[in-house]
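*Asks:* My structure is in query.txt, and what it holds is compact mmCIF, N, CA and C atoms:
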```
# COMPACT_ATOMS: atom_id res chain seq x y z
N MET J 31 185.14 -6.15 -81.66
CA MET J 31 184.90 -4.74 -81.80
C MET J 31 186.25 -4.03 -81.85
N CYS J 32 186.31 -2.97 -82.58
CA CYS J 32 187.54 -2.20 -82.74
C CYS J 32 187.64 -1.18 -81.61
N THR J 33 188.25 -1.58 -80.51
CA THR J 33 188.41 -0.68 -79.37
C THR J 33 189.86 -0.71 -78.93
N ILE J 34 190.25 0.32 -78.24
CA ILE J 34 191.61 0.39 -77.71
C ILE J 34 191.60 -0.23 -76.32
N SER J 35 192.41 -1.23 -76.13
CA SER J 35 192.52 -1.89 -74.83
C SER J 35 193.94 -2.43 -74.71
N THR J 36 194.19 -3.15 -73.64
CA THR J 36 195.51 -3.73 -73.45
C THR J 36 195.71 -4.96 -74.31
N SER J 37 194.61 -5.58 -74.76
CA SER J 37 194.74 -6.75 -75.62
C SER J 37 194.96 -6.29 -77.06
N PRO J 38 195.52 -7.15 -77.88
CA PRO J 38 195.75 -6.78 -79.28
C PRO J 38 194.44 -6.44 -80.00
N ILE J 39 194.48 -5.45 -80.87
CA ILE J 39 193.31 -5.02 -81.61
C ILE J 39 193.17 -5.88 -82.85
N ASP J 40 191.97 -6.33 -83.12
CA ASP J 40 191.71 -7.07 -84.34
C ASP J 40 191.46 -6.05 -85.45
N PHE J 41 192.49 -5.78 -86.26
CA PHE J 41 192.38 -4.73 -87.26
C PHE J 41 191.47 -5.10 -88.42
N SER J 42 191.13 -6.38 -88.58
CA SER J 42 190.20 -6.74 -89.64
C SER J 42 188.82 -6.15 -89.37
N ASP J 43 188.40 -6.11 -88.10
CA ASP J 43 187.13 -5.48 -87.75
C ASP J 43 187.18 -3.99 -88.03
N CYS J 44 188.28 -3.35 -87.69
CA CYS J 44 188.42 -1.92 -87.95
C CYS J 44 188.37 -1.64 -89.44
N MET J 45 188.99 -2.50 -90.24
CA MET J 45 189.02 -2.30 -91.68
C MET J 45 187.62 -2.45 -92.28
N ASP J 46 186.85 -3.41 -91.79
CA ASP J 46 185.49 -3.59 -92.30
C ASP J 46 184.62 -2.37 -91.99
N VAL J 47 184.76 -1.83 -90.81
CA VAL J 47 184.01 -0.63 -90.44
C VAL J 47 184.47 0.55 -91.30
N ALA J 48 185.77 0.68 -91.52
CA ALA J 48 186.29 1.78 -92.34
C ALA J 48 185.82 1.66 -93.78
N ILE J 49 185.81 0.46 -94.32
CA ILE J 49 185.33 0.25 -95.70
C ILE J 49 183.87 0.67 -95.81
N ALA J 50 183.04 0.22 -94.89
CA ALA J 50 181.63 0.56 -94.94
C ALA J 50 181.41 2.06 -94.74
N PHE J 51 182.19 2.68 -93.86
CA PHE J 51 182.04 4.11 -93.63
C PHE J 51 182.40 4.91 -94.88
N PHE J 52 183.54 4.63 -95.48
CA PHE J 52 183.95 5.39 -96.66
C PHE J 52 183.06 5.10 -97.85
N TYR J 53 182.52 3.91 -97.93
CA TYR J 53 181.56 3.58 -98.98
C TYR J 53 180.30 4.43 -98.82
N GLY J 54 179.81 4.57 -97.60
CA GLY J 54 178.64 5.41 -97.35
C GLY J 54 178.89 6.87 -97.68
N VAL J 55 180.08 7.36 -97.35
CA VAL J 55 180.44 8.74 -97.67
C VAL J 55 180.52 8.92 -99.19
N LEU J 56 181.09 7.94 -99.89
CA LEU J 56 181.17 8.02 -101.35
C LEU J 56 179.79 8.03 -102.00
N ILE J 57 178.86 7.27 -101.46
CA ILE J 57 177.50 7.28 -102.00
C ILE J 57 176.92 8.68 -101.90
N ILE J 58 177.09 9.32 -100.76
CA ILE J 58 176.56 10.67 -100.58
C ILE J 58 177.26 11.65 -101.51
N ILE J 59 178.58 11.57 -101.62
CA ILE J 59 179.33 12.48 -102.50
C ILE J 59 178.90 12.29 -103.95
N PHE J 60 178.77 11.04 -104.40
CA PHE J 60 178.37 10.81 -105.79
C PHE J 60 176.93 11.25 -106.04
N GLY J 61 176.08 11.23 -105.02
CA GLY J 61 174.73 11.78 -105.16
C GLY J 61 174.78 13.27 -105.43
N PHE J 62 175.65 13.97 -104.71
CA PHE J 62 175.82 15.41 -104.95
C PHE J 62 176.43 15.68 -106.33
N ILE J 63 177.38 14.84 -106.73
CA ILE J 63 177.99 15.00 -108.06
C ILE J 63 176.92 14.82 -109.14
N GLY J 64 176.07 13.81 -108.99
CA GLY J 64 175.00 13.60 -109.96
C GLY J 64 174.04 14.77 -110.01
N TYR J 65 173.80 15.38 -108.86
CA TYR J 65 172.91 16.55 -108.83
C TYR J 65 173.54 17.73 -109.55
N TYR J 66 174.82 17.99 -109.29
CA TYR J 66 175.46 19.15 -109.90
C TYR J 66 175.78 18.96 -111.37
N GLN J 67 176.12 17.72 -111.79
CA GLN J 67 176.44 17.49 -113.20
C GLN J 67 175.19 17.43 -114.07
N ALA J 68 174.17 16.73 -113.62
CA ALA J 68 173.00 16.50 -114.46
C ALA J 68 171.74 17.15 -113.92
N ASP J 69 171.87 17.95 -112.87
CA ASP J 69 170.72 18.58 -112.21
C ASP J 69 169.65 17.53 -111.87
N SER J 70 170.14 16.38 -111.38
CA SER J 70 169.27 15.24 -111.07
C SER J 70 168.94 15.24 -109.58
N LYS J 71 167.72 15.63 -109.28
CA LYS J 71 167.28 15.59 -107.89
C LYS J 71 167.15 14.15 -107.39
N ALA J 72 166.87 13.23 -108.31
CA ALA J 72 166.77 11.82 -107.92
C ALA J 72 168.12 11.30 -107.44
N SER J 73 169.21 11.71 -108.10
CA SER J 73 170.55 11.29 -107.65
C SER J 73 170.85 11.85 -106.27
N LEU J 74 170.47 13.09 -106.05
CA LEU J 74 170.71 13.72 -104.75
C LEU J 74 169.93 13.02 -103.65
N ILE J 75 168.65 12.76 -103.90
CA ILE J 75 167.81 12.12 -102.88
C ILE J 75 168.25 10.68 -102.64
N ALA J 76 168.50 9.95 -103.72
CA ALA J 76 168.93 8.55 -103.57
C ALA J 76 170.29 8.46 -102.92
N GLY J 77 171.24 9.30 -103.34
CA GLY J 77 172.57 9.28 -102.74
C GLY J 77 172.54 9.62 -101.26
N ALA J 78 171.77 10.65 -100.92
CA ALA J 78 171.70 11.06 -99.52
C ALA J 78 171.01 10.00 -98.66
N SER J 79 169.92 9.42 -99.17
CA SER J 79 169.18 8.46 -98.34
C SER J 79 169.91 7.12 -98.22
N VAL J 80 170.42 6.59 -99.34
CA VAL J 80 171.12 5.30 -99.26
C VAL J 80 172.46 5.47 -98.54
N GLY J 81 173.15 6.59 -98.78
CA GLY J 81 174.41 6.84 -98.07
C GLY J 81 174.20 6.97 -96.58
N THR J 82 173.14 7.65 -96.19
CA THR J 82 172.82 7.78 -94.76
C THR J 82 172.47 6.42 -94.17
N LEU J 83 171.71 5.62 -94.91
CA LEU J 83 171.39 4.26 -94.45
C LEU J 83 172.67 3.45 -94.27
N GLU J 84 173.61 3.58 -95.19
CA GLU J 84 174.89 2.87 -95.07
C GLU J 84 175.66 3.34 -93.84
N LEU J 85 175.69 4.64 -93.59
CA LEU J 85 176.41 5.16 -92.42
C LEU J 85 175.75 4.72 -91.11
N ILE J 86 174.43 4.72 -91.08
CA ILE J 86 173.72 4.25 -89.88
C ILE J 86 174.01 2.76 -89.68
N GLY J 87 173.96 2.00 -90.76
CA GLY J 87 174.27 0.57 -90.68
C GLY J 87 175.69 0.32 -90.22
N THR J 88 176.62 1.15 -90.68
CA THR J 88 178.02 1.01 -90.25
C THR J 88 178.16 1.27 -88.76
N TYR J 89 177.51 2.31 -88.28
CA TYR J 89 177.56 2.61 -86.85
C TYR J 89 176.97 1.47 -86.03
N LEU J 90 175.82 0.98 -86.46
CA LEU J 90 175.18 -0.12 -85.72
C LEU J 90 176.00 -1.40 -85.81
N PHE J 91 176.61 -1.66 -86.97
CA PHE J 91 177.48 -2.82 -87.13
C PHE J 91 178.70 -2.72 -86.22
N PHE J 92 179.24 -1.51 -86.08
CA PHE J 92 180.40 -1.28 -85.21
C PHE J 92 180.06 -1.63 -83.76
N ASN J 93 178.84 -1.32 -83.34
CA ASN J 93 178.44 -1.57 -81.96
C ASN J 93 177.95 -2.99 -81.72
N ASN J 94 177.38 -3.61 -82.76
CA ASN J 94 176.84 -4.97 -82.61
C ASN J 94 176.88 -5.65 -83.96
N ARG J 95 177.65 -6.70 -84.08
CA ARG J 95 177.85 -7.38 -85.37
C ARG J 95 176.55 -7.99 -85.91
N ALA J 96 175.55 -8.15 -85.07
CA ALA J 96 174.27 -8.69 -85.54
C ALA J 96 173.54 -7.70 -86.45
N ASN J 97 173.94 -6.45 -86.45
CA ASN J 97 173.31 -5.44 -87.30
C ASN J 97 173.92 -5.37 -88.69
N ILE J 98 174.54 -6.43 -89.13
CA ILE J 98 175.17 -6.46 -90.45
C ILE J 98 174.13 -6.34 -91.56
N TRP J 99 172.90 -6.69 -91.30
CA TRP J 99 171.86 -6.70 -92.33
C TRP J 99 171.58 -5.32 -92.89
N ILE J 100 171.78 -4.26 -92.12
CA ILE J 100 171.53 -2.90 -92.62
C ILE J 100 172.56 -2.54 -93.69
N VAL J 101 173.80 -2.90 -93.47
CA VAL J 101 174.85 -2.66 -94.47
C VAL J 101 174.56 -3.49 -95.72
N LEU J 102 174.09 -4.71 -95.53
CA LEU J 102 173.76 -5.57 -96.67
C LEU J 102 172.60 -4.99 -97.49
N ILE J 103 171.61 -4.45 -96.83
CA ILE J 103 170.47 -3.85 -97.54
C ILE J 103 170.93 -2.65 -98.36
N ALA J 104 171.74 -1.78 -97.75
CA ALA J 104 172.19 -0.58 -98.46
C ALA J 104 173.08 -0.92 -99.64
N SER J 105 174.01 -1.84 -99.48
CA SER J 105 174.89 -2.19 -100.59
C SER J 105 174.14 -2.98 -101.66
N GLY J 106 173.19 -3.81 -101.26
CA GLY J 106 172.36 -4.52 -102.23
C GLY J 106 171.48 -3.58 -103.02
N LEU J 107 170.96 -2.56 -102.36
CA LEU J 107 170.16 -1.55 -103.05
C LEU J 107 171.00 -0.78 -104.07
N MET J 108 172.23 -0.46 -103.70
CA MET J 108 173.11 0.22 -104.66
C MET J 108 173.45 -0.68 -105.84
N CYS J 109 173.64 -1.97 -105.61
CA CYS J 109 173.85 -2.91 -106.73
C CYS J 109 172.64 -2.92 -107.64
N PHE J 110 171.46 -2.96 -107.05
CA PHE J 110 170.21 -2.99 -107.80
C PHE J 110 170.03 -1.72 -108.64
N ILE J 111 170.49 -0.60 -108.14
CA ILE J 111 170.35 0.67 -108.85
C ILE J 111 171.46 0.86 -109.89
N MET J 112 172.71 0.61 -109.50
CA MET J 112 173.84 1.03 -110.33
C MET J 112 174.25 0.03 -111.40
N ILE J 113 174.09 -1.26 -111.19
CA ILE J 113 174.51 -2.22 -112.21
C ILE J 113 173.68 -2.07 -113.49
N PRO J 114 172.34 -2.00 -113.41
CA PRO J 114 171.59 -1.76 -114.65
C PRO J 114 171.92 -0.42 -115.30
N ARG J 115 172.18 0.59 -114.50
CA ARG J 115 172.55 1.90 -115.04
C ARG J 115 173.89 1.82 -115.78
N PHE J 116 174.83 1.07 -115.20
CA PHE J 116 176.13 0.89 -115.86
C PHE J 116 175.99 0.09 -117.16
N LEU J 117 175.20 -0.97 -117.13
CA LEU J 117 175.02 -1.79 -118.32
C LEU J 117 174.32 -1.01 -119.44
N ALA J 118 173.41 -0.11 -119.07
CA ALA J 118 172.69 0.67 -120.08
C ALA J 118 173.55 1.77 -120.67
N SER J 119 174.36 2.42 -119.83
CA SER J 119 175.13 3.57 -120.31
C SER J 119 176.55 3.22 -120.72
N GLY J 120 177.14 2.22 -120.09
CA GLY J 120 178.54 1.88 -120.35
C GLY J 120 179.51 2.89 -119.78
N SER J 121 179.00 3.83 -119.01
CA SER J 121 179.82 4.88 -118.41
C SER J 121 180.58 4.34 -117.20
N VAL J 122 181.88 4.58 -117.19
CA VAL J 122 182.70 4.10 -116.08
C VAL J 122 182.48 4.95 -114.83
N PHE J 123 182.30 6.24 -115.00
CA PHE J 123 182.10 7.13 -113.85
C PHE J 123 180.74 7.79 -113.98
N PRO J 124 179.93 7.76 -113.01
CA PRO J 124 180.05 7.14 -111.70
C PRO J 124 179.45 5.74 -111.62
N SER J 125 178.63 5.35 -112.62
CA SER J 125 177.88 4.10 -112.47
C SER J 125 178.77 2.86 -112.46
N GLY J 126 179.82 2.84 -113.27
CA GLY J 126 180.72 1.68 -113.28
C GLY J 126 181.48 1.55 -111.98
N LEU J 127 182.00 2.68 -111.49
CA LEU J 127 182.75 2.68 -110.24
C LEU J 127 181.87 2.29 -109.07
N MET J 128 180.66 2.85 -109.00
CA MET J 128 179.77 2.52 -107.89
C MET J 128 179.27 1.09 -107.99
N SER J 129 179.10 0.57 -109.21
CA SER J 129 178.72 -0.84 -109.36
C SER J 129 179.80 -1.75 -108.79
N LEU J 130 181.03 -1.46 -109.15
CA LEU J 130 182.15 -2.26 -108.67
C LEU J 130 182.29 -2.18 -107.15
N LEU J 131 182.21 -0.98 -106.61
CA LEU J 131 182.31 -0.81 -105.15
C LEU J 131 181.14 -1.49 -104.44
N SER J 132 179.95 -1.36 -105.00
CA SER J 132 178.77 -1.95 -104.36
C SER J 132 178.86 -3.46 -104.32
N VAL J 133 179.28 -4.07 -105.42
CA VAL J 133 179.43 -5.52 -105.45
C VAL J 133 180.51 -5.96 -104.46
N GLY J 134 181.61 -5.21 -104.40
CA GLY J 134 182.69 -5.54 -103.47
C GLY J 134 182.25 -5.48 -102.02
N VAL J 135 181.55 -4.41 -101.65
CA VAL J 135 181.07 -4.27 -100.27
C VAL J 135 180.02 -5.34 -99.97
N LEU J 136 179.12 -5.59 -100.92
CA LEU J 136 178.10 -6.60 -100.70
C LEU J 136 178.73 -7.98 -100.49
N LEU J 137 179.69 -8.35 -101.32
CA LEU J 137 180.34 -9.65 -101.17
C LEU J 137 181.12 -9.75 -99.85
N ARG J 138 181.82 -8.67 -99.49
CA ARG J 138 182.58 -8.68 -98.23
C ARG J 138 181.66 -8.88 -97.03
N PHE J 139 180.54 -8.15 -97.01
CA PHE J 139 179.67 -8.24 -95.85
C PHE J 139 178.81 -9.51 -95.88
N LEU J 140 178.55 -10.07 -97.07
CA LEU J 140 177.93 -11.39 -97.11
C LEU J 140 178.87 -12.44 -96.51
N TYR J 141 180.16 -12.32 -96.81
CA TYR J 141 181.15 -13.22 -96.22
C TYR J 141 181.19 -13.04 -94.70
N LEU J 142 181.19 -11.79 -94.24
CA LEU J 142 181.19 -11.55 -92.80
C LEU J 142 179.94 -12.10 -92.14
N GLY J 143 178.80 -12.04 -92.85
CA GLY J 143 177.56 -12.59 -92.32
C GLY J 143 177.66 -14.08 -92.07
N THR J 144 178.43 -14.78 -92.93
CA THR J 144 178.60 -16.22 -92.70
C THR J 144 179.48 -16.48 -91.47
N LEU J 145 180.34 -15.54 -91.13
CA LEU J 145 181.19 -15.71 -89.95
C LEU J 145 180.45 -15.44 -88.65
N TYR J 146 179.50 -14.49 -88.68
CA TYR J 146 178.80 -14.10 -87.46
C TYR J 146 177.55 -14.92 -87.22
N TYR J 147 177.05 -15.63 -88.22
CA TYR J 147 175.82 -16.39 -88.04
C TYR J 147 176.03 -17.84 -88.29
```
Rewrite the coordinates I just gave you, this time as structure tokens.
*Replies:*
Amino acid sequence: MCTISTSPIDFSDCMDVAIAFFYGVLIIIFGFIGYYQADSKASLIAGASVGTLELIGTYLFFNNRANIWIVLIASGLMCFIMIPRFLASGSVFPSGLMSLLSVGVLLRFLYLGTLYY
């Protein structure tokens, strides 16, 4: 766990939590961008709900590494949504960027899952 103590801090744990946190915030921000650019209520609802799920998963993962599955579900859901959208549109922003980030977070946390289980 990333805590301040007299023993050395394992910064890799802190980095994983920071990655998941900023990824969740980006999901929410891109949901708002999709709403304002295309007047897409679906982007707003999906961005807010999946981003919130990612942030909740990050908090729970920070407190207990066994809760990694929530982060995996949220990032897997974003892969499921954004990769087909990117392949259909060919647009780099936001679908290409979110596809790349989603795959990266999913692979990182799948790797972490092999370490904790």
*Asks:* Calculate how many Å separate atom CA of J:Leu142 from atom CA of J:Ala104, rounding to one decimal.
*Replies:*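 So the answer is 15.3 Å.
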*Asks:* Which of these residues is nearest to J:Phe92, using only C-alpha atoms: J:Val135, J:Leu74, J:Ala50, J:Met112?
*Replies:*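 Among J:Val135, J:Leu74, J:Ala50, J:Met112, it is J:Ala50 that comes nearest to J:Phe92.
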*Asks:* Provide an axis-aligned box for all listed atoms of stretch 69-84 of chain J, padding each side by 4 Å; report its centre and its edge lengths in Å to one decimal, as JSON.
*Replies:*
```
{"center_x": 171.2, "center_y": 10.7, "center_z": -103.4, "size_x": 16.9, "size_y": 23.7, "size_z": 27.0}
```
*Asks:* Identify the residues within 12 Å of coordinate (181.6, 1.7, -99.2) (same frame as the file), considering only C-alpha atoms, and give the answer as JSON, numbers by chain.
*Replies:* {"J": [45, 46, 47, 48, 49, 50, 51, 52, 53, 54, 55, 56, 57, 58, 59, 60, 80, 81, 82, 83, 84, 85, 87, 88, 101, 102, 104, 105, 106, 108, 109, 127, 128, 129, 130, 131, 132, 133, 134, 135, 136, 137, 138, 139]}
*Asks:* N, CA, C and O atoms are what I want for stretch 122-146 of chain J; can you complete it accordingly and write them as a PDB file, keeping the file's coordinate frame?
*Replies:*
```pdb
ATOM      1  N   VAL J 122     181.880   4.580-117.190  1.00  0.00           N
ATOM      2  CA  VAL J 122     182.700   4.100-116.080  1.00  0.00           C
ATOM      3  C   VAL J 122     182.480   4.950-114.830  1.00  0.00           C
ATOM      4  O   VAL J 122     182.460   4.432-113.721  1.00  0.00           O
ATOM      5  N   PHE J 123     182.300   6.240-115.000  1.00  0.00           N
ATOM      6  CA  PHE J 123     182.100   7.130-113.850  1.00  0.00           C
ATOM      7  C   PHE J 123     180.740   7.790-113.980  1.00  0.00           C
ATOM      8  O   PHE J 123     180.439   8.369-115.019  1.00  0.00           O
ATOM      9  N   PRO J 124     179.930   7.760-113.010  1.00  0.00           N
ATOM     10  CA  PRO J 124     180.050   7.140-111.700  1.00  0.00           C
ATOM     11  C   PRO J 124     179.450   5.740-111.620  1.00  0.00           C
ATOM     12  O   PRO J 124     179.714   5.012-110.677  1.00  0.00           O
ATOM     13  N   SER J 125     178.630   5.350-112.620  1.00  0.00           N
ATOM     14  CA  SER J 125     177.880   4.100-112.470  1.00  0.00           C
ATOM     15  C   SER J 125     178.770   2.860-112.460  1.00  0.00           C
ATOM     16  O   SER J 125     178.530   1.933-111.692  1.00  0.00           O
ATOM     17  N   GLY J 126     179.820   2.840-113.270  1.00  0.00           N
ATOM     18  CA  GLY J 126     180.720   1.680-113.280  1.00  0.00           C
ATOM     19  C   GLY J 126     181.480   1.550-111.980  1.00  0.00           C
ATOM     20  O   GLY J 126     181.622   0.465-111.420  1.00  0.00           O
ATOM     21  N   LEU J 127     182.000   2.680-111.490  1.00  0.00           N
ATOM     22  CA  LEU J 127     182.750   2.680-110.240  1.00  0.00           C
ATOM     23  C   LEU J 127     181.870   2.290-109.070  1.00  0.00           C
ATOM     24  O   LEU J 127     182.252   1.455-108.232  1.00  0.00           O
ATOM     25  N   MET J 128     180.660   2.850-109.000  1.00  0.00           N
ATOM     26  CA  MET J 128     179.770   2.520-107.890  1.00  0.00           C
ATOM     27  C   MET J 128     179.270   1.090-107.990  1.00  0.00           C
ATOM     28  O   MET J 128     179.048   0.436-106.960  1.00  0.00           O
ATOM     29  N   SER J 129     179.100   0.570-109.210  1.00  0.00           N
ATOM     30  CA  SER J 129     178.720  -0.840-109.360  1.00  0.00           C
ATOM     31  C   SER J 129     179.800  -1.750-108.790  1.00  0.00           C
ATOM     32  O   SER J 129     179.519  -2.692-108.053  1.00  0.00           O
ATOM     33  N   LEU J 130     181.030  -1.460-109.150  1.00  0.00           N
ATOM     34  CA  LEU J 130     182.150  -2.260-108.670  1.00  0.00           C
ATOM     35  C   LEU J 130     182.290  -2.180-107.150  1.00  0.00           C
ATOM     36  O   LEU J 130     182.437  -3.199-106.471  1.00  0.00           O
ATOM     37  N   LEU J 131     182.210  -0.980-106.610  1.00  0.00           N
ATOM     38  CA  LEU J 131     182.310  -0.810-105.150  1.00  0.00           C
ATOM     39  C   LEU J 131     181.140  -1.490-104.440  1.00  0.00           C
ATOM     40  O   LEU J 131     181.328  -2.117-103.387  1.00  0.00           O
ATOM     41  N   SER J 132     179.950  -1.360-105.000  1.00  0.00           N
ATOM     42  CA  SER J 132     178.770  -1.950-104.360  1.00  0.00           C
ATOM     43  C   SER J 132     178.860  -3.460-104.320  1.00  0.00           C
ATOM     44  O   SER J 132     178.548  -4.080-103.304  1.00  0.00           O
ATOM     45  N   VAL J 133     179.280  -4.070-105.420  1.00  0.00           N
ATOM     46  CA  VAL J 133     179.430  -5.520-105.450  1.00  0.00           C
ATOM     47  C   VAL J 133     180.510  -5.960-104.460  1.00  0.00           C
ATOM     48  O   VAL J 133     180.342  -6.942-103.727  1.00  0.00           O
ATOM     49  N   GLY J 134     181.610  -5.210-104.400  1.00  0.00           N
ATOM     50  CA  GLY J 134     182.690  -5.540-103.470  1.00  0.00           C
ATOM     51  C   GLY J 134     182.250  -5.480-102.020  1.00  0.00           C
ATOM     52  O   GLY J 134     182.517  -6.394-101.230  1.00  0.00           O
ATOM     53  N   VAL J 135     181.550  -4.410-101.650  1.00  0.00           N
ATOM     54  CA  VAL J 135     181.070  -4.270-100.270  1.00  0.00           C
ATOM     55  C   VAL J 135     180.020  -5.340 -99.970  1.00  0.00           C
ATOM     56  O   VAL J 135     180.043  -5.948 -98.891  1.00  0.00           O
ATOM     57  N   LEU J 136     179.120  -5.590-100.920  1.00  0.00           N
ATOM     58  CA  LEU J 136     178.100  -6.600-100.700  1.00  0.00           C
ATOM     59  C   LEU J 136     178.730  -7.980-100.490  1.00  0.00           C
ATOM     60  O   LEU J 136     178.365  -8.694 -99.544  1.00  0.00           O
ATOM     61  N   LEU J 137     179.690  -8.350-101.320  1.00  0.00           N
ATOM     62  CA  LEU J 137     180.340  -9.650-101.170  1.00  0.00           C
ATOM     63  C   LEU J 137     181.120  -9.750 -99.850  1.00  0.00           C
ATOM     64  O   LEU J 137     181.099 -10.783 -99.180  1.00  0.00           O
ATOM     65  N   ARG J 138     181.820  -8.670 -99.490  1.00  0.00           N
ATOM     66  CA  ARG J 138     182.580  -8.680 -98.230  1.00  0.00           C
ATOM     67  C   ARG J 138     181.660  -8.880 -97.030  1.00  0.00           C
ATOM     68  O   ARG J 138     181.934  -9.685 -96.132  1.00  0.00           O
ATOM     69  N   PHE J 139     180.540  -8.150 -97.010  1.00  0.00           N
ATOM     70  CA  PHE J 139     179.670  -8.240 -95.850  1.00  0.00           C
ATOM     71  C   PHE J 139     178.810  -9.510 -95.880  1.00  0.00           C
ATOM     72  O   PHE J 139     178.393  -9.996 -94.829  1.00  0.00           O
ATOM     73  N   LEU J 140     178.550 -10.070 -97.070  1.00  0.00           N
ATOM     74  CA  LEU J 140     177.930 -11.390 -97.110  1.00  0.00           C
ATOM     75  C   LEU J 140     178.870 -12.440 -96.510  1.00  0.00           C
ATOM     76  O   LEU J 140     178.435 -13.331 -95.772  1.00  0.00           O
ATOM     77  N   TYR J 141     180.160 -12.320 -96.810  1.00  0.00           N
ATOM     78  CA  TYR J 141     181.150 -13.220 -96.220  1.00  0.00           C
ATOM     79  C   TYR J 141     181.190 -13.040 -94.700  1.00  0.00           C
ATOM     80  O   TYR J 141     181.214 -14.014 -93.950  1.00  0.00           O
ATOM     81  N   LEU J 142     181.190 -11.790 -94.240  1.00  0.00           N
ATOM     82  CA  LEU J 142     181.190 -11.550 -92.800  1.00  0.00           C
ATOM     83  C   LEU J 142     179.940 -12.100 -92.140  1.00  0.00           C
ATOM     84  O   LEU J 142     179.969 -12.577 -91.006  1.00  0.00           O
ATOM     85  N   GLY J 143     178.800 -12.040 -92.850  1.00  0.00           N
ATOM     86  CA  GLY J 143     177.560 -12.590 -92.320  1.00  0.00           C
ATOM     87  C   GLY J 143     177.660 -14.080 -92.070  1.00  0.00           C
ATOM     88  O   GLY J 143     177.075 -14.603 -91.122  1.00  0.00           O
ATOM     89  N   THR J 144     178.430 -14.780 -92.930  1.00  0.00           N
ATOM     90  CA  THR J 144     178.600 -16.220 -92.700  1.00  0.00           C
ATOM     91  C   THR J 144     179.480 -16.480 -91.470  1.00  0.00           C
ATOM     92  O   THR J 144     179.353 -17.521 -90.844  1.00  0.00           O
ATOM     93  N   LEU J 145     180.340 -15.540 -91.130  1.00  0.00           N
ATOM     94  CA  LEU J 145     181.190 -15.710 -89.950  1.00  0.00           C
ATOM     95  C   LEU J 145     180.450 -15.440 -88.650  1.00  0.00           C
ATOM     96  O   LEU J 145     180.708 -16.068 -87.626  1.00  0.00           O
ATOM     97  N   TYR J 146     179.500 -14.490 -88.680  1.00  0.00           N
ATOM     98  CA  TYR J 146     178.800 -14.100 -87.460  1.00  0.00           C
ATOM     99  C   TYR J 146     177.550 -14.920 -87.220  1.00  0.00           C
ATOM    100  O   TYR J 146     176.990 -14.881 -86.137  1.00  0.00           O
TER     101      TYR J 146
END
```
